[in-house]
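Peer 1: Structure in structure tokens, see below.
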Amino acid sequence: MANKTSQHILSTSANLLGFCLFVITSLHMTDSSKDSLIDEFTSIVALALTISSLLSFFSIRTQNLEKEIRLEKLADNFFISSLVGIFAIILFIIVMYWNQ
């Protein structure tokens, strides 16, 4: 069996996907999305989290050990990229709204 981080990636990326959707919804409800690109960047991160969730799910479900390891590594890479993206979005939000 692989490292078995897929279960953790699946649950955490699903939770972070909810966070991204909350940010996008909040920006659209307050009409803040017209003034910034935060919702576009958040949408990209949400897509990466969705891909990470799918890959980790397929990694859990497969019976082929080589395929399991490959899918888990891909899911991990998408997840790490998403975390970096979320960090950048948070920094961008702080910088944008700091002086208001």
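Please note that chains go A, B, ... in the order of the structure tokens, that every chain numbers its residues from 1, and that ligands are numbered from 1 in the order shown.
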I'd like the neighbourhood of range 90-99 of chain A as a count of residues only, where a residue qualifies if any of its atoms comes within 12 Å (using only C-alpha atoms), though same-chain residues fewer than 4 positions away should be ignored.
Peer 2: 17
Peer 1: Neighbouring residues of range 61-77 of chain A were defined as those with any atom within 12 Å, considering only C-alpha atoms; residues of the same chain fewer than 6 positions away were excluded. Please report them as an MDAnalysis selection string.
Peer 2: chainID A and resid 1:10 12:13 48:55 83:84
Peer 1: State, in Å with one decimal place, the distance from CA of Leu21 in chain A to CA of Ser59 in chain A.
Peer 2: 24.7 Å
Peer 1: What does the distance between CA of Thr25 in chain A and CA of Ala46 in chain A come to in Å, to one decimal place?
Peer 2: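 These atoms are spaced 12.5 Å apart.
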Peer 1: Find the distance between CA of Ala88 in chain A and CA of Ile44 in chain A and write it in Å to one decimal.
Peer 2: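 One can read the CA of Ala88 in chain A to CA of Ile44 in chain A distance as 12.2 Å.
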